[in-house]
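This report refers to the structure that appears directly beneath it.
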Amino acid sequence: ETVNILMEAVPDTTYIQQLLPEFEEATGIDVNLEVVNYAEMHTKLVPQLVSNSGSYSAIVVDFYWVGEFFKAGWMQPLDDRIAADGFDTSVYVPAMMDLVGQVEGTTYMLPFYNYAMGLLYRTDLLEDEANKTAYMDAFGTELKKPETWDEYLQQVKFFTKDGSYGVVNQGLRPDPIAMEWSNYLFAKGGEFIDDGWHATFNSPEGVAALEDYITNLNDYGPVGAASFSFDEAFNVFSQGQAYSYITYNFFRAAVDDASGSAIVGKGEIMGVPGQTPEEGGSLNGAWGWAIPKSSPNPDAAWEFLKWVESPEIAKKRALLGGSATRLDVFDDAEVIAKYPQTTALKELLLGSHNFPTFTYTPQFVEVLGRELSLAVSGEKSAQEALDAAAAEFDELAIKDGRQE
Amino acid sequence: MAHVTTMERENRRFGWLLTAPGLVLLAAVVLFPIVWAGITSFFNYSLIFPGYDDFAGLGNYAKAADDGEFLHSAWITLLFVVAVVGIQFVAGFVVALMLNDARRGKTVYYLILLCPLLINPVVVGLMWRMILHPTLGIVNWLLGTVGIEPVNWLGAPDMAFWTVVLVDIWHQVSFMVVLLLAGLSALPAEPYEAARVDGATPFQRFWHITLPMMKPVIVVTLLIRMIFAIKTYDIIYIMTRGGPGVATDLISYFIYRRAFVSLDLGEACAMAAMLLIVIAGLTAVLWRSMRQVQD
Amino acid sequence: MASIQLNSVSRIYGQGASAVHAVKGIDLQIEDGEFMIFLGPSGCGKSTTLRMIAGLEPVSQGDLLIDGQRVNDVDPAERDLAIVFQNYALYPHMSVRQNMAFGLKLRGTPGPEIESRIAGVAETLGIRPLLDRKPSQLSGGQRQRVALGRALVREPRAFLLDEPLSNLDAKLRSVMRTELIKLHRKLGTTMIHVTHDQVEAMTMGTRICIMRGGEIVQVGKPQDVYRDPADTFVAGFLATPPMNLIPARIEAAGEGLAVIAPGLSVPVPEAYRAAYAPYTGREVILGIRPEDLFETPEGAAPAAIDCSIETVEALGPETILNVKLGQGGSELAARLPAEGDWEVARQIRLFADSLRMHLFDPETTRKIAR
Amino acid sequence: MASIQLNSVSRIYGQGASAVHAVKGIDLQIEDGEFMIFLGPSGCGKSTTLRMIAGLEPVSQGDLLIDGQRVNDVDPAERDLAIVFQNYALYPHMSVRQNMAFGLKLRGTPGPEIESRIAGVAETLGIRPLLDRKPSQLSGGQRQRVALGRALVREPRAFLLDEPLSNLDAKLRSVMRTELIKLHRKLGTTMIHVTHDQVEAMTMGTRICIMRGGEIVQVGKPQDVYRDPADTFVAGFLATPPMNLIPARIEAAGEGLAVIAPGLSVPVPEAYRAAYAPYTGREVILGIRPEDLFETPEGAAPAAIDCSIETVEALGPETILNVKLGQGGSELAARLPAEGDWEVARQIRLFADSLRMHLFDPETTRKIAR
Amino acid sequence: MKVARLDGLVRHLILAGFSASIALPLLWVLRVSLTDKLTAYRLPPEIGQIGLHNFVEVLTQYDFTRWFGNSVFVAVLATAISLPAAAMMAYATARYRTGGWPLMMMVLSSQMIPPIVLVLPMFLVFTTLMPVPGIIAITIAHVAINLPFMAWIMISFFDEDTRSLEEAARCDGATRWQAFTRVTIPVAMPGIIAAGLLGFILSWNEFLYALILGNHSSQTLAVGLASLETHAGVNIAPLAAATLLALAPVLILLPFLQKYLIKGLSLGALK
Ligand SMILES: Nc1ncnc2c1ncn2[C@@H]1O[C@H](COP(=O)(O)OP(=O)(O)OP(=O)(O)O)[C@@H](O)[C@H]1O
Ligand SMILES: Nc1ncnc2c1ncn2[C@@H]1O[C@H](COP(=O)(O)OP(=O)(O)OP(=O)(O)O)[C@@H](O)[C@H]1O
Ligand SMILES: [Mg+2]
Ligand SMILES: [Mg+2]
């Protein structure tokens, strides 16, 4: 028997690939991982899911497809299987289960890995004595890792000098800019929606967040950041030309990869600081495992899910460098010993905010990305752009029945 | 001639016989999708709730015609197509002419200019993003060494449009060269000899002999390139995602999002149908001008 | 108006083993205003020479001079010659009118003048009703006339005509012949005319240039070449039927000499005796033109030839007899009046004027001077 | 081997106002084994007729029969005819050898036989050294020979030859003429041969078909057509120079009649008097062939003509004089011996055999029967 | 020749300038392929560690050989099938006006619609026809998409000039089919080969259908290379190496077609 899974080319996929022989040996089930570009996954999945005979036994679901897949009924509920096999879902970080586990009380997915966003910053610059004195002279406070959003912004301004930039942004539409700006929104204390699913991100906080964003991008970042995807942005950072970069947590590992980074050992990640040291501004993000309705062999797929999310394998993945979603892995001594940043990542995750997930999340990301991009390129004011996006959001929410 | 002779009937039969394999192939593979898309364009058909119970009539068309973003995309696409096809045609024709008459080095030139065509658009986009990286790219660095300020290739709306045009030209210009060169190499030599003796300068030979005799090939080349340019989407997808703002939001990418991000197939099909009508109109005009030469 | 000079001009197609030496170092001086005829067997290099003069083929070796100026490297467009191509080379996408107007337009000739020149030439060529057709809608002869017309509307320094009348009927051809001669008289433009037609060759040109295998064999006034062919090739080439060439031998006969061949014995006239004496006892080739054979004794020194009729070709105005000399002898052609009692296999006696005979050296094939 | 029959066959190119009526309902019966010559001015429809027979042009009206069977709708490939195209239509991508082998290969002729047939034909045509060249590497005459060769290697039911010798030199042409005649004798295959060459027309064919403006004017044996042209067109078309046609008038002269024209008065011989009597006092056209004009009285009824020499064309074997009749009279051509004291502007007296004169009705242009 | 030499100089200047603007970015790709990502982005450019490790990585760690094999299979097969069909269609239209222009418009209309709206129904067709669409489905799709475009290109190459040659062939006893295949096709070869080459390239680069209709074993180069752009960044150095590897075999094969593509046939012998 063969289990076919469509996956993205990310480190976590590679780790599973490495562990697969164990599974195949234990169960006699072959596993084919079909690896494609992230951008193409959705395009590739949709026809498979629409058709009543797809070829994928299991799939991985990005958090912002969840609403859509749920609404369209493309995923099989897993509760019966979980109950039958006594699979423990309580070990998952709760925010993970919210995001890529349960929808409206039914479990459709098992969280696979998280990519919550954080603030990558340069430890060497913070520790530099000259910087410390200059910073003290300028602001009268000590130069240390920022605890609040405003302190961070101050540092961004400070480090923009001598051909270096305080920050590098990923201004490409739609998802890079939308995801990145979400951190600004949360850091400024704003929220996307209220309880009644009305858009609130065009609030004064939202507008201020966008203005911060535009200032950072245009004044403290490199030319052309408005068109950067994370790759370009990270390259600027990893070439040592920027002090900070708000991005996905898996880039933390890339900082220490000598084949692509000039700042090995000089970068660290933290949660995006909020208005106060207690609040975090990070955006959460994650992938979940699911079994599609069109799965040709759901039982075998479940076998695989059980195996891949078992405590042993989850730990092995983490030890290879994988990104954890389970608290037991985060707290595992061996893992922490090998990757000291694990603790920081856990905190980051715990302090992160979720993006509104509903049927039209992808569409909303498009809209938001477009409007943010228009604002950044100066064709709309921050307020106009956010108002336009909010109006479209409300329409989508109404269409989805979330809003009266 | 009043009556149809057997031979004409035979000709006709033979024509259809030759056409049959192609038609069968097309009918088997693309007929259903086209009809399906046509029908779907009249329904509120979303992939989330697939089904034909919500008839929309011309609603999807009206919506598209009323959609500012869509119209903007159409306008941007028009500019893009004119710029890309125009520049590629002129450059491609010049190169094809030069290459056609060159005595030495043909193969080398040809191999070089064929390379871009053989590179996947996705890779082309990624490579150019790297090369045009505003701070880490070689181009801006080279410009810097001669004292030119770094160019914001993809980050500024106007520039981004032209950057995309430039990259597409780099990638596709050889398409024109290949076709036009094939056309040129099939031209008979005699009229050129006659024209040279008649005292025509190289430009006059080009204008009075090459252009008219090449017209069918030129028309087809322009037509095909135009259709492909309208369908451009990979490069946009990789390089700008339609940004910054909506500066490079070409229509194909727009329709792509409508279909696979919004999953609103009804509307996407309506937009595609509108596009089809426009292109078909253009094609008809070009085809007629081609026939004028043939007759 | 131009003089054209070829100094050891060669043209080699291709390279290496498969190279074709189409023109082999020919020397030729064509004076300004001359009407030069190129004549020679198929494939001898006539078109190639013409195309080199026009600038369409590169000159492989040698120098080509027009009006004393070396033009090997001058573009055809700047040579200002008009050419009628053997294969017509009409512009397929242009109407007959446009085909003819093209060269004039390029020279900036004003529209009305173009029109009137085309009208005139089209009238002469009888293609007036065809002016708006495309070449593909014309018959072979009509195309050829258009090709001719395209050259004639211009006023070039020289006309190069490559068999421009080959596809025309006899009547039209004779009209065209006259027109070309008239044109040449009127304009005085240098003309080079390639033809296979005996009449054209003899009547149109001021000189004939006879080529063979890429080389020039003889150049001269038509009548001179006809009367005094340089070698057996020219003798056998010019005119139809060509000069009869009979392997023979010079023998002493009494007082004088006689040319002896199977079935034939022609006494050498006194006038030639000195010239031919050194050849006594040697093989020669005897040349007699078909029109120098008569039924009745004629001319100053008639020599009788006995023969039998092999074939009779009644051409209308006259009859060509192919006759066989005596036992196993050569075949001769004789041009005789249309009416006569010609019957195949009949024995007849013909007379040749021995003053009009030619002798050639069989080794060099060259004429034995006298 | 095939008989070919055309029953009111027409060909109309195009439609409506610009339609060209290239062939206008011609009737013609070509017997099996005949050698038919098509003759006519450029654009008269010869090629079109040939192409219809070959099946390349649709027959617009009428019936085309081969061996009694209506073939209007039969595919060219099934007619099994071989054609030499006026424009050669050689396959540019094939070598000469392949060009010639193509038709045989299609018929499944075995390889060695193809080879030997090609070798034979190539030998005859003198293109053996060219067998491996591409058509673009050949001279005009060589291409034409290849085109001829391509037809000759086959053994079709009929050969259709469209001016197959027009680009060959006189010598080669006469060789080819003989070869074609031989071939026809040997195979007995029906042949249709379009030519503009007087000699070919007169010597090769069993019959000549003279066309004009899409219609057939006269069909008959070559000598018959020559001796007895149906109308002024045929009279003026066949032969170069053509028959002299002089506007004249028949008048009673004493006992008999005389044909009177400015500067000329020819008594009507007794034999014709009855036939011409009805025309007394009416305009006629007098026809005299150039070769029927002599310097000395000749023939049964010599009539003297006084004229002055206008031009002298010395062709070699003979001389063509253009003379002018008396004061403001017509111009005549006369074919006279090569040697003579011809000088432009000299007054001479020529004699015509009035038994050989023809009279034509100027209205219908048809010959007045006698 | 003096004029000719100047002419040639200008010509080669233009060609060289053009080729350079095409080739320089490719040289940059070559450079990237020989180093690592860090060095590739270093400015001012430094030589760094030069080596073939990226090529090794592409060949060993990625499914490059399979992608490449699949691409070759699909592109070659699709071109081999669609080229003759398209040539026949184009010829019928050019010579016999079969179906007239409405047919050609209809044929081309499939090209005028963004493939994105066609790919889903096509996927549905294929899933009903075969359990798992794969490389065969991709090939068939490519045949159908490239056919109209190739047919259109070729119409203009089957022009009137070949008609008289076909007539000669018909009289030589060739059927319509033989006249077409043995005379017209060879004479129109430059155009046919050009259309074939472009069809091959189109299929080689085609992404959407290959993505949607393919599965893990039938990934083509286009899809495979795209997966080197990961969520965690672009593996630019291996990508550059893979791009060059993919280029090489095609460029090696090409000179064999150059007779038709570049030199042209001298068809001056029609009359
Ligand atoms: N495609 C065509 N369209 C219109 N008219 C045509 C076409 N082809 C030929 N004609 C006309 O038909 C007439 C007959 O042409 P055809 O080729 O039969 O002449 P021909 O007797 O062979 O003349 P030639 O001796 O010059 O070859 C000519 O007047 C010609 O102009
Ligand atoms: N492109 C070529 N390549 C090789 N040989 C060639 C080429 N063109 C012509 N030739 C050869 O050169 C010789 C001269 O050709 P040319 O055309 O000058 O002959 P021609 O005297 O005009 O003959 P014709 O009377 O048959 O037209 C011929 O033997 C021909 O085969
Ligand atoms: Mg020639
Ligand atoms: Mg003809």
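Letters A, B, ... go to the chains of the structure tokens in the order shown; residues in each chain start at 1; ligands are counted from 1 in the same order.
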
Proximal residues of chain B relative to chain D (only C-alpha atoms; 9 Å) as a list in words: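 Applying the cut-off to the listed atoms yields Met1, Thr5, Thr6, Met7, Glu8 and Glu10 of chain B.
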
Output the selection as an mmCIF file, in the first residue's frame - N, CA, C and O atoms for each residue.
data_model
loop_
_atom_site.group_PDB
_atom_site.id
_atom_site.type_symbol
_atom_site.label_atom_id
_atom_site.label_comp_id
_atom_site.auth_asym_id
_atom_site.auth_seq_id
_atom_site.Cartn_x
_atom_site.Cartn_y
_atom_site.Cartn_z
ATOM 1 N N MET B 1 -17.638 28.893 -60.391
ATOM 2 C CA MET B 1 -18.064 27.632 -60.983
ATOM 3 C C MET B 1 -19.329 27.132 -60.300
ATOM 4 O O MET B 1 -19.415 27.139 -59.077
ATOM 5 N N THR B 5 -16.870 19.919 -58.645
ATOM 6 C CA THR B 5 -16.364 18.750 -59.347
ATOM 7 C C THR B 5 -15.898 17.704 -58.334
ATOM 8 O O THR B 5 -15.697 17.996 -57.158
ATOM 9 N N THR B 6 -15.757 16.502 -58.856
ATOM 10 C CA THR B 6 -15.304 15.433 -57.978
ATOM 11 C C THR B 6 -13.953 15.764 -57.375
ATOM 12 O O THR B 6 -13.684 15.480 -56.219
ATOM 13 N N MET B 7 -13.126 16.417 -58.212
ATOM 14 C CA MET B 7 -11.782 16.691 -57.712
ATOM 15 C C MET B 7 -11.830 17.674 -56.558
ATOM 16 O O MET B 7 -11.114 17.537 -55.582
ATOM 17 N N GLU B 8 -12.682 18.670 -56.709
ATOM 18 C CA GLU B 8 -12.818 19.610 -55.598
ATOM 19 C C GLU B 8 -13.348 18.918 -54.361
ATOM 20 O O GLU B 8 -12.936 19.197 -53.248
ATOM 21 N N GLU B 10 -12.882 15.837 -53.676
ATOM 22 C CA GLU B 10 -11.741 15.069 -53.156
ATOM 23 C C GLU B 10 -10.811 15.967 -52.345
ATOM 24 O O GLU B 10 -10.343 15.599 -51.272
#

Hey, which bits of chain A sit within 8 Å of chain E, and for each residue what's the closest pair of atoms and how far apart in Å (one decimal), counting only C-alpha atoms, rows by chain and increasing number, as a Markdown table?
| residue | atom | partner | partner_atom | distance |
| --- | --- | --- | --- | --- |
| A:Glu8 | CA | E:Thr230 | CA | 7.1 |
| A:Ala9 | CA | E:Thr230 | CA | 5.3 |
| A:Val10 | CA | E:Thr230 | CA | 5.9 |
| A:Pro11 | CA | E:Ala232 | CA | 7.9 |
| A:Asn32 | CA | E:His216 | CA | 7.1 |
| A:Leu33 | CA | E:His216 | CA | 7.0 |
| A:Glu34 | CA | E:His216 | CA | 4.5 |
| A:Val35 | CA | E:Ser227 | CA | 6.7 |
| A:Val36 | CA | E:Ser227 | CA | 4.6 |
| A:Asn37 | CA | E:Ser227 | CA | 4.0 |
| A:Tyr38 | CA | E:His231 | CA | 6.3 |
| A:Glu40 | CA | E:Leu211 | CA | 7.9 |
| A:Thr43 | CA | E:Ile212 | CA | 7.5 |
| A:Lys44 | CA | E:Ile212 | CA | 5.2 |
| A:Pro47 | CA | E:Leu120 | CA | 5.9 |
| A:Ser51 | CA | E:Leu124 | CA | 6.5 |
| A:Ser53 | CA | E:Thr127 | CA | 7.3 |
| A:Ser55 | CA | E:Val132 | CA | 6.5 |
| A:Phe230 | CA | E:Gly233 | CA | 6.7 |
| A:Asp231 | CA | E:Gly233 | CA | 4.6 |
| A:Phe234 | CA | E:Gly233 | CA | 8.0 |
| A:Asn235 | CA | E:Tyr41 | CA | 7.6 |
| A:Gln239 | CA | E:Leu38 | CA | 7.3 |
| A:Phe250 | CA | E:Ala232 | CA | 7.0 |
| A:Phe251 | CA | E:Ala232 | CA | 6.6 |
| A:Ala258 | CA | E:Leu38 | CA | 7.7 |
| A:Ser259 | CA | E:Leu38 | CA | 5.7 |
| A:Gly260 | CA | E:Leu38 | CA | 4.1 |
| A:Ser261 | CA | E:Leu38 | CA | 5.6 |
| A:Ala262 | CA | E:Leu38 | CA | 6.8 |

Write the residues of the preceding selection, restricted to C-alpha atoms, as a short mmCIF file (atom, residue, chain, number, x, y, z; two decimals), in the first residue's frame.
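The resulting file, selection_24.cif, is reproduced below:
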data_model
loop_
_atom_site.label_atom_id
_atom_site.label_comp_id
_atom_site.auth_asym_id
_atom_site.auth_seq_id
_atom_site.Cartn_x
_atom_site.Cartn_y
_atom_site.Cartn_z
CA GLU A 8 6.09 21.81 0.55
CA ALA A 9 9.84 21.92 0.23
CA VAL A 10 10.71 23.01 3.75
CA PRO A 11 13.19 21.58 6.26
CA ASN A 32 5.50 9.12 -1.39
CA LEU A 33 6.10 12.72 -0.53
CA GLU A 34 5.32 14.86 -3.54
CA VAL A 35 7.18 18.06 -2.99
CA VAL A 36 6.12 21.30 -4.65
CA ASN A 37 6.57 25.00 -4.22
CA TYR A 38 4.40 26.49 -1.49
CA GLU A 40 1.54 25.92 -6.01
CA THR A 43 -3.52 25.32 -6.83
CA LYS A 44 -2.53 21.71 -6.92
CA PRO A 47 -8.69 20.07 -8.16
CA SER A 51 -12.68 15.67 -7.54
CA SER A 53 -11.30 10.53 -6.46
CA SER A 55 -4.74 10.75 -5.40
CA PHE A 230 11.17 36.74 2.50
CA ASP A 231 14.04 35.40 0.48
CA PHE A 234 16.41 37.48 4.62
CA ASN A 235 19.36 37.75 2.28
CA GLN A 239 24.47 39.43 4.60
CA PHE A 250 12.29 28.90 10.87
CA PHE A 251 14.65 31.53 9.57
CA ALA A 258 27.21 29.11 7.00
CA SER A 259 26.45 28.45 3.32
CA GLY A 260 23.98 31.29 3.19
CA SER A 261 24.70 33.49 6.14
CA ALA A 262 27.44 35.93 6.98
#

Which residue of D:His21, D:His358, D:Arg143, D:Arg249 approaches ligand 2 most closely, using only C-alpha atoms and all ligand atoms: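 Between D:His21, D:His358, D:Arg143, D:Arg249, the residue approaching ligand 2 most closely is D:Arg143.
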
Expected selection as JSON, numbers by chain for ligand 3 within 10 Å, only C-alpha atoms and all ligand atoms: {"C": [40, 41, 42, 43, 44, 45, 46, 47, 48, 49, 50, 51, 85, 86, 87, 162, 163, 194, 195], "D": [138, 139, 140, 141, 142, 143, 167, 168]}

Residue list (alpha helix (DSSP H), DSSP) for stretch 106-231 of chain E, as an MDAnalysis selection string: chainID E and resid 106:112 115:129 135:155 163:171 176:178 185:187 189:205 208:213 221:226

Residue hits in chain B, query chain A, radius 12 Å, only C-alpha atoms, as a ChimeraX atom specification: /B:46-51,69,122,126-137,140,149-160,163,234,236-249,254,256-265

Atom CA of B:Met271 to atom CA of B:Gln172, distance in Å rounded to a single decimal: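 The value is 25.6 Å.
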
Spatial neighbours of D:Ala333, 10 Å, only C-alpha atoms, chain gap at least 4 places, as number ranges by chain: D: 240-245, 288-291, 293, 309-312, 320-324

Å distance separating atom CA of C:Phe294 from atom CA of D:Val225, one decimal place: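 If I compute the distance from atom CA of C:Phe294 to atom CA of D:Val225, I get 27.2 Å.
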
Test item: residues at most 10 Å from A:Gln102, only C-alpha atoms, excluding those fewer than 3 positions along its chain, as a PyMOL selection string: chain A and resi 66+70+77-79+96-99+105-111

Just write the chosen residues, C-alpha atoms, as a PDB file, in the first residue's frame.
ATOM      1  CA  VAL A  66      -8.470  25.844   7.015  1.00  0.00           C
ATOM      2  CA  PHE A  70     -13.675  23.096   6.233  1.00  0.00           C
ATOM      3  CA  PRO A  77     -13.171  14.452  10.756  1.00  0.00           C
ATOM      4  CA  LEU A  78     -10.537  12.707  12.813  1.00  0.00           C
ATOM      5  CA  ASP A  79     -12.308  12.498  16.182  1.00  0.00           C
ATOM      6  CA  MET A  96      -1.950  25.320  17.534  1.00  0.00           C
ATOM      7  CA  MET A  97      -5.037  23.254  18.005  1.00  0.00           C
ATOM      8  CA  ASP A  98      -7.139  26.353  17.480  1.00  0.00           C
ATOM      9  CA  LEU A  99      -5.342  27.232  14.359  1.00  0.00           C
ATOM     10  CA  GLY A 105     -15.369  21.685  17.817  1.00  0.00           C
ATOM     11  CA  THR A 106     -14.455  18.946  15.399  1.00  0.00           C
ATOM     12  CA  THR A 107     -10.894  17.812  14.945  1.00  0.00           C
ATOM     13  CA  TYR A 108      -9.934  17.785  11.312  1.00  0.00           C
ATOM     14  CA  MET A 109      -6.181  18.171  11.588  1.00  0.00           C
ATOM     15  CA  LEU A 110      -3.180  17.377  13.690  1.00  0.00           C
ATOM     16  CA  PRO A 111      -0.781  20.320  14.015  1.00  0.00           C
TER      17      PRO A 111
END

Residue among E:Leu129, E:Ala179, E:Met112, E:Val32 lying closest to chain B, counting only C-alpha atoms: E:Met112

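Proximity ranking of D:Ala303, D:Met211, D:Leu257, D:Leu286 relative to chain C places D:Met211 first, based on only C-alpha atoms.
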